[in-house]
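To start, the structure itself, in structure tokens.
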Amino acid sequence: MAQRRLVLLTLGAGLSGHAPVLRAQAPGANLRRVGVLAPSTRVREEVTLKPFFDQMRELGWIEGQTIAYDWVYADDQMALLPRLAAELVARKPELIYAPPMPSALAAKRATGTIPIVFGVGRDPVAAGLVVSLARTGGNVTGIAANFDSLAPKHLELLNAIRPGAKRIGFVGDPSDVQFNLDRAALGPAAKALGLSITVAEGSNPAEFDAALATLIAQGVEAIYGSGPLVFNLRGRLIELASSKRLPVIGHVAPVAEAGALFSFGASLADQLRRSAQMVDKILKGGKPADIPVEQPTLFELVVNLKTAKALGITVPRTFLLRADRVIE
């Protein structure tokens, strides 16, 4: 069952658990209330969203003094997001921060009036979150990563670092926009490189484990995944892949930091910091409809040389020279 926590910041403490949210002592009238619709667990989200909350503090939004956060956690059960979004909307926060696209979509379906800010996503126009990037036309705005899939680039990088790998496993949540965009882009890219793609799907931890087991049983030589669920369960992905000496391709730097062979994508920390600036604008009177969706400009290639050595993979020097960061 998803956990719920209303942070009563006037006391400098939070309440969490599976029981209904306790509201005996509401935040003071001077505190602004922001709901946070988090797809993963409390422990994971506090690590992932640290850049956002650090930036909020820098902007003057101090817990217990100027702002209170009302959290809901889906515990990596993506199917719970619509119900949790409805529960959060019923508590009437001033704004909902829904960092990844699945959370933002669930929040959008739950309210057309409460402002919503997302921190990462892919093609919010096609997803139905906004009318256009320049004028969102509703109650949602945020940071949207590259519109063209990076899946072809990921395959090119894998081919450069591990040319012998020909059968690639692809895993993710079938309800996620990013997963489906990447899946569509993989076919032509794989054909051009002479690779085959085996797809396995999962929308919760149990299904994710089963999907990985399927890929391993089918003899894939590397595993690639994208989307919030893959990100949140990256530790499990690395653990299972490493046990079979399979390299993992990461779509953002924290996946490489967790043990993937390499990652390439927009800087997650940068996107989260910039989304905090959007929240700040709205809390100061701005309207989502007047705040354009922004695209990240900072991309990074991270190579985990420690993982490469453990897997017996020699990374070409030319590849290392291209890297923005090498983990040794």
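We name chains A, B, ... following the order of the structure tokens; residues begin at 1 in each chain, and ligands are numbered from 1 as shown.
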Hey, what's within 12 Å of Ile313 of chain A if we count only C-alpha atoms and toss same-chain stuff fewer than 4 positions away? As a list in words, please?
-> Leu158, Ala160, Ile161, Arg162, Pro163, Gly164, Ala165, Arg245, Leu246, Pro247, Leu261, Phe262, Val303, Asn304, Leu305, Lys306, Thr307, Ala308 and Lys309 of chain A
Skip segment 250-257 of chain A itself and residues of its chain fewer than 2 positions away, then list as an MDAnalysis selection string all residues within 10 Å of it, counting only C-alpha atoms.
-> chainID A and resid 48 150:151 154 223:227 230:235 237:238 247:248 259:269 299:305 307 325:327
Please produce an output containing N, CA and C atoms for each residue in the selection, written as a compact mmCIF listing (two decimals), in the first residue's frame.
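Ended up saving to again24.txt:
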```
# COMPACT_ATOMS: atom_id res chain seq x y z
N THR A 48 16.53 11.14 -4.71
CA THR A 48 16.34 11.61 -6.08
C THR A 48 16.02 13.10 -6.15
N LEU A 150 16.68 9.22 -27.38
CA LEU A 150 18.12 9.00 -27.33
C LEU A 150 18.47 7.53 -27.49
N ALA A 151 17.46 6.67 -27.67
CA ALA A 151 17.71 5.24 -27.81
C ALA A 151 18.71 4.92 -28.93
N HIS A 154 22.14 5.66 -27.67
CA HIS A 154 22.57 4.67 -26.69
C HIS A 154 23.08 3.41 -27.37
N ILE A 223 21.62 -5.04 -21.34
CA ILE A 223 20.26 -4.62 -20.98
C ILE A 223 20.18 -3.10 -20.97
N TYR A 224 19.13 -2.62 -21.59
CA TYR A 224 18.86 -1.18 -21.69
C TYR A 224 17.45 -0.93 -21.16
N GLY A 225 17.28 0.15 -20.43
CA GLY A 225 15.96 0.50 -19.93
C GLY A 225 15.82 2.00 -19.84
N SER A 226 14.58 2.48 -19.83
CA SER A 226 14.35 3.91 -19.68
C SER A 226 13.04 4.15 -18.95
N GLY A 227 12.91 5.34 -18.38
CA GLY A 227 11.69 5.70 -17.68
C GLY A 227 11.84 5.70 -16.17
N VAL A 230 12.41 2.21 -14.24
CA VAL A 230 13.78 1.71 -14.42
C VAL A 230 14.75 2.51 -13.57
N PHE A 231 14.56 3.81 -13.55
CA PHE A 231 15.42 4.66 -12.73
C PHE A 231 15.29 4.29 -11.25
N ASN A 232 14.07 4.18 -10.77
CA ASN A 232 13.86 3.92 -9.34
C ASN A 232 14.34 2.53 -8.93
N LEU A 233 14.28 1.58 -9.85
CA LEU A 233 14.70 0.21 -9.55
C LEU A 233 16.07 -0.10 -10.13
N ARG A 234 16.87 0.93 -10.35
CA ARG A 234 18.18 0.74 -10.98
C ARG A 234 19.10 -0.16 -10.17
N GLY A 235 18.98 -0.11 -8.84
CA GLY A 235 19.82 -0.98 -8.01
C GLY A 235 19.54 -2.45 -8.29
N LEU A 237 18.16 -3.66 -11.03
CA LEU A 237 18.58 -3.92 -12.40
C LEU A 237 20.07 -4.24 -12.46
N ILE A 238 20.88 -3.42 -11.81
CA ILE A 238 22.33 -3.62 -11.81
C ILE A 238 22.68 -4.94 -11.10
N PRO A 247 26.37 -6.11 -19.21
CA PRO A 247 26.45 -4.66 -19.08
C PRO A 247 25.06 -4.03 -19.17
N VAL A 248 24.89 -2.91 -18.48
CA VAL A 248 23.64 -2.15 -18.50
C VAL A 248 23.90 -0.80 -19.12
N GLY A 259 26.11 1.56 -11.22
CA GLY A 259 26.85 0.41 -11.73
C GLY A 259 26.63 0.07 -13.18
N ALA A 260 25.87 0.88 -13.92
CA ALA A 260 25.74 0.65 -15.36
C ALA A 260 27.08 0.90 -16.03
N LEU A 261 27.28 0.29 -17.18
CA LEU A 261 28.55 0.45 -17.91
C LEU A 261 28.74 1.91 -18.31
N PHE A 262 27.66 2.53 -18.79
CA PHE A 262 27.72 3.95 -19.12
C PHE A 262 26.30 4.50 -19.14
N SER A 263 26.18 5.81 -19.15
CA SER A 263 24.89 6.47 -19.30
C SER A 263 25.08 7.70 -20.17
N PHE A 264 24.02 8.06 -20.85
CA PHE A 264 24.03 9.30 -21.62
C PHE A 264 22.62 9.89 -21.58
N GLY A 265 22.53 11.16 -21.20
CA GLY A 265 21.24 11.81 -21.16
C GLY A 265 21.33 13.18 -20.52
N ALA A 266 20.19 13.84 -20.46
CA ALA A 266 20.13 15.15 -19.83
C ALA A 266 20.42 15.02 -18.34
N SER A 267 21.05 16.03 -17.78
CA SER A 267 21.38 16.03 -16.36
C SER A 267 20.09 16.08 -15.54
N LEU A 268 19.86 15.04 -14.76
CA LEU A 268 18.65 14.97 -13.93
C LEU A 268 18.68 16.06 -12.86
N ALA A 269 19.82 16.25 -12.22
CA ALA A 269 19.92 17.26 -11.17
C ALA A 269 19.62 18.64 -11.71
N PHE A 299 23.75 17.95 -21.09
CA PHE A 299 23.75 16.51 -21.30
C PHE A 299 25.11 15.96 -20.89
N GLU A 300 25.11 14.71 -20.42
CA GLU A 300 26.38 14.16 -19.94
C GLU A 300 26.52 12.68 -20.27
N LEU A 301 27.73 12.33 -20.69
CA LEU A 301 28.12 10.94 -20.92
C LEU A 301 28.98 10.52 -19.73
N VAL A 302 28.52 9.51 -19.01
CA VAL A 302 29.24 9.03 -17.82
C VAL A 302 29.63 7.58 -18.06
N VAL A 303 30.90 7.28 -17.86
CA VAL A 303 31.42 5.92 -18.04
C VAL A 303 31.85 5.38 -16.68
N ASN A 304 31.39 4.17 -16.38
CA ASN A 304 31.77 3.54 -15.12
C ASN A 304 32.90 2.55 -15.41
N LEU A 305 34.14 3.02 -15.25
CA LEU A 305 35.30 2.19 -15.56
C LEU A 305 35.44 1.04 -14.57
N THR A 307 32.95 -0.69 -13.33
CA THR A 307 32.07 -1.75 -13.85
C THR A 307 32.70 -2.43 -15.06
N ARG A 325 32.41 12.41 -17.58
CA ARG A 325 32.84 11.94 -16.27
C ARG A 325 33.15 10.46 -16.35
N VAL A 326 34.24 10.06 -15.70
CA VAL A 326 34.64 8.64 -15.63
C VAL A 326 34.67 8.23 -14.18
N ILE A 327 33.93 7.16 -13.85
CA ILE A 327 33.89 6.64 -12.50
C ILE A 327 34.92 5.53 -12.38
```
Determine, for each residue of segment 161-205 of chain A having at least one atom at most 12 Å from an atom of segment 34-45 of chain A, the closest pair of atoms and their separation in Å to one decimal, counting only C-alpha atoms; order by chain and ascending number, as a tab-separated table.
```
residue	atom	partner	partner_atom	distance
A:Ser203	CA	A:Pro39	CA	11.2
A:Asn204	CA	A:Ser40	CA	10.0
A:Pro205	CA	A:Ser40	CA	10.4
```
For the residues in the current selection, export N, CA, C and O atoms as a PDB file, in the first residue's frame.
```pdb
ATOM      1  N   SER A 203       5.450  -3.032 -14.600  1.00  0.00           N
ATOM      2  CA  SER A 203       4.930  -1.787 -14.047  1.00  0.00           C
ATOM      3  C   SER A 203       5.028  -1.710 -12.527  1.00  0.00           C
ATOM      4  O   SER A 203       4.535  -0.768 -11.919  1.00  0.00           O
ATOM      5  N   ASN A 204       5.668  -2.714 -11.911  1.00  0.00           N
ATOM      6  CA  ASN A 204       5.888  -2.723 -10.468  1.00  0.00           C
ATOM      7  C   ASN A 204       7.105  -3.596 -10.193  1.00  0.00           C
ATOM      8  O   ASN A 204       7.614  -4.271 -11.105  1.00  0.00           O
ATOM      9  N   PRO A 205       7.623  -3.605  -8.981  1.00  0.00           N
ATOM     10  CA  PRO A 205       8.852  -4.359  -8.711  1.00  0.00           C
ATOM     11  C   PRO A 205       8.785  -5.839  -9.062  1.00  0.00           C
ATOM     12  O   PRO A 205       9.745  -6.397  -9.607  1.00  0.00           O
TER      13      PRO A 205
END
```
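Nearest to Leu272 of chain A of all the residues A:Glu46, A:Trp71, A:Pro228, A:Gln55 is A:Gln55, based on only C-alpha atoms.
Proximity of A:Gly312, A:Pro292, A:Gly169, A:Gly194 to Val125 of chain A, computed with only C-alpha atoms, is greatest for A:Pro292.
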Excluding same-chain residues fewer than 4 positions from Gly119 of chain A, what lies within 10 Å of it counting only C-alpha atoms, as a short mmCIF file (atom, residue, chain, number, x, y, z; two decimals) with N, CA and C atoms, in the first residue's frame?
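The resulting file, result34.cif, is reproduced below:
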```cif
data_model
loop_
_atom_site.label_atom_id
_atom_site.label_comp_id
_atom_site.auth_asym_id
_atom_site.auth_seq_id
_atom_site.Cartn_x
_atom_site.Cartn_y
_atom_site.Cartn_z
N LEU A 49 15.13 13.56 -5.29
CA LEU A 49 14.63 14.93 -5.38
C LEU A 49 15.44 15.94 -4.57
N PHE A 52 16.07 19.35 -6.16
CA PHE A 52 14.88 20.21 -6.17
C PHE A 52 14.73 20.93 -4.84
N TYR A 97 3.70 19.26 -7.18
CA TYR A 97 4.96 18.96 -7.85
C TYR A 97 4.95 17.47 -8.18
N ALA A 98 4.96 17.17 -9.47
CA ALA A 98 4.87 15.79 -9.95
C ALA A 98 6.07 15.54 -10.87
N PRO A 99 7.21 15.15 -10.29
CA PRO A 99 8.47 15.18 -11.04
C PRO A 99 8.49 14.41 -12.36
N PRO A 100 8.18 13.10 -12.43
CA PRO A 100 8.26 12.42 -13.72
C PRO A 100 6.92 12.44 -14.44
N MET A 101 6.96 12.15 -15.74
CA MET A 101 5.78 12.22 -16.57
C MET A 101 4.59 11.41 -16.07
N ALA A 104 2.89 13.42 -13.42
CA ALA A 104 2.27 14.62 -13.97
C ALA A 104 0.97 14.29 -14.69
N THR A 141 3.03 22.99 -16.32
CA THR A 141 4.26 23.38 -17.00
C THR A 141 5.40 22.62 -16.35
N GLY A 142 6.60 22.74 -16.91
CA GLY A 142 7.72 22.01 -16.34
C GLY A 142 8.91 21.94 -17.27
N ILE A 143 9.74 20.93 -17.03
CA ILE A 143 10.96 20.71 -17.82
C ILE A 143 10.78 19.45 -18.64
N ALA A 144 10.94 19.54 -19.94
CA ALA A 144 10.80 18.39 -20.83
C ALA A 144 12.12 18.10 -21.50
N ALA A 145 12.60 16.88 -21.37
CA ALA A 145 13.87 16.49 -21.99
C ALA A 145 13.70 16.41 -23.50
N LEU A 268 19.86 15.04 -14.76
CA LEU A 268 18.65 14.97 -13.93
C LEU A 268 18.68 16.06 -12.86
N ALA A 269 19.82 16.25 -12.22
CA ALA A 269 19.92 17.26 -11.17
C ALA A 269 19.62 18.64 -11.71
N ASP A 270 20.11 18.94 -12.90
CA ASP A 270 19.87 20.25 -13.50
C ASP A 270 18.39 20.45 -13.78
N GLN A 271 17.72 19.42 -14.29
CA GLN A 271 16.29 19.53 -14.57
C GLN A 271 15.48 19.76 -13.29
N LEU A 272 15.84 19.05 -12.23
CA LEU A 272 15.11 19.20 -10.97
C LEU A 272 15.32 20.59 -10.38
N ARG A 273 16.53 21.11 -10.48
CA ARG A 273 16.78 22.46 -9.97
C ARG A 273 15.96 23.50 -10.75
N ARG A 274 15.91 23.33 -12.05
CA ARG A 274 15.17 24.28 -12.87
C ARG A 274 13.67 24.18 -12.64
N SER A 275 13.19 22.98 -12.34
CA SER A 275 11.76 22.85 -12.04
C SER A 275 11.43 23.55 -10.72
N ALA A 276 12.37 23.59 -9.78
CA ALA A 276 12.15 24.33 -8.54
C ALA A 276 11.97 25.82 -8.84
N MET A 278 10.58 27.02 -11.42
CA MET A 278 9.21 27.18 -11.92
C MET A 278 8.20 27.19 -10.77
N GLU A 294 10.37 24.35 -20.47
CA GLU A 294 11.79 24.49 -20.79
C GLU A 294 12.40 23.15 -21.15
#
```
All helix (DSSP H, G or I) positions in segment 142-260 of chain A, as a PyMOL selection string | chain A and resi 151-161+177-193+205-217+228-232+234-243+253-258
If you run DSSP over the backbone, which residues in segment 88-328 of chain A end up strand (DSSP E)? Put them as a ChimeraX atom specification.
-> /A:95-97,116-118,140-142,167-172,196-201,222-225,248-250,262-266,299-304,325-327
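Contact shell of Leu229 of chain A at 7 Å (only C-alpha atoms; same-chain neighbours under 5 positions omitted): Asp76, Gly172 and Asp173 of chain A.
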Could you write out the selected residues, including N, CA and C atoms, as a PDB file, in the first residue's frame?
```pdb
ATOM      1  N   ASP A  76       6.661   2.567  -6.088  1.00  0.00           N
ATOM      2  CA  ASP A  76       6.992   1.905  -7.358  1.00  0.00           C
ATOM      3  C   ASP A  76       5.842   1.080  -7.923  1.00  0.00           C
ATOM      4  N   GLY A 172      11.087  -1.839 -19.414  1.00  0.00           N
ATOM      5  CA  GLY A 172      10.469  -0.624 -18.910  1.00  0.00           C
ATOM      6  C   GLY A 172       8.986  -0.805 -18.660  1.00  0.00           C
ATOM      7  N   ASP A 173       8.360   0.297 -18.252  1.00  0.00           N
ATOM      8  CA  ASP A 173       6.935   0.310 -17.921  1.00  0.00           C
ATOM      9  C   ASP A 173       6.135   0.641 -19.181  1.00  0.00           C
TER      10      ASP A 173
END
```
Could you name the residues that touch Met56 of chain A at 8 Å or less, counting only C-alpha atoms, but leaving out those on the same chain fewer than 6 positions away, as a list in words?
-> Ile62, Ala276, Gln277 and Asp280 of chain A
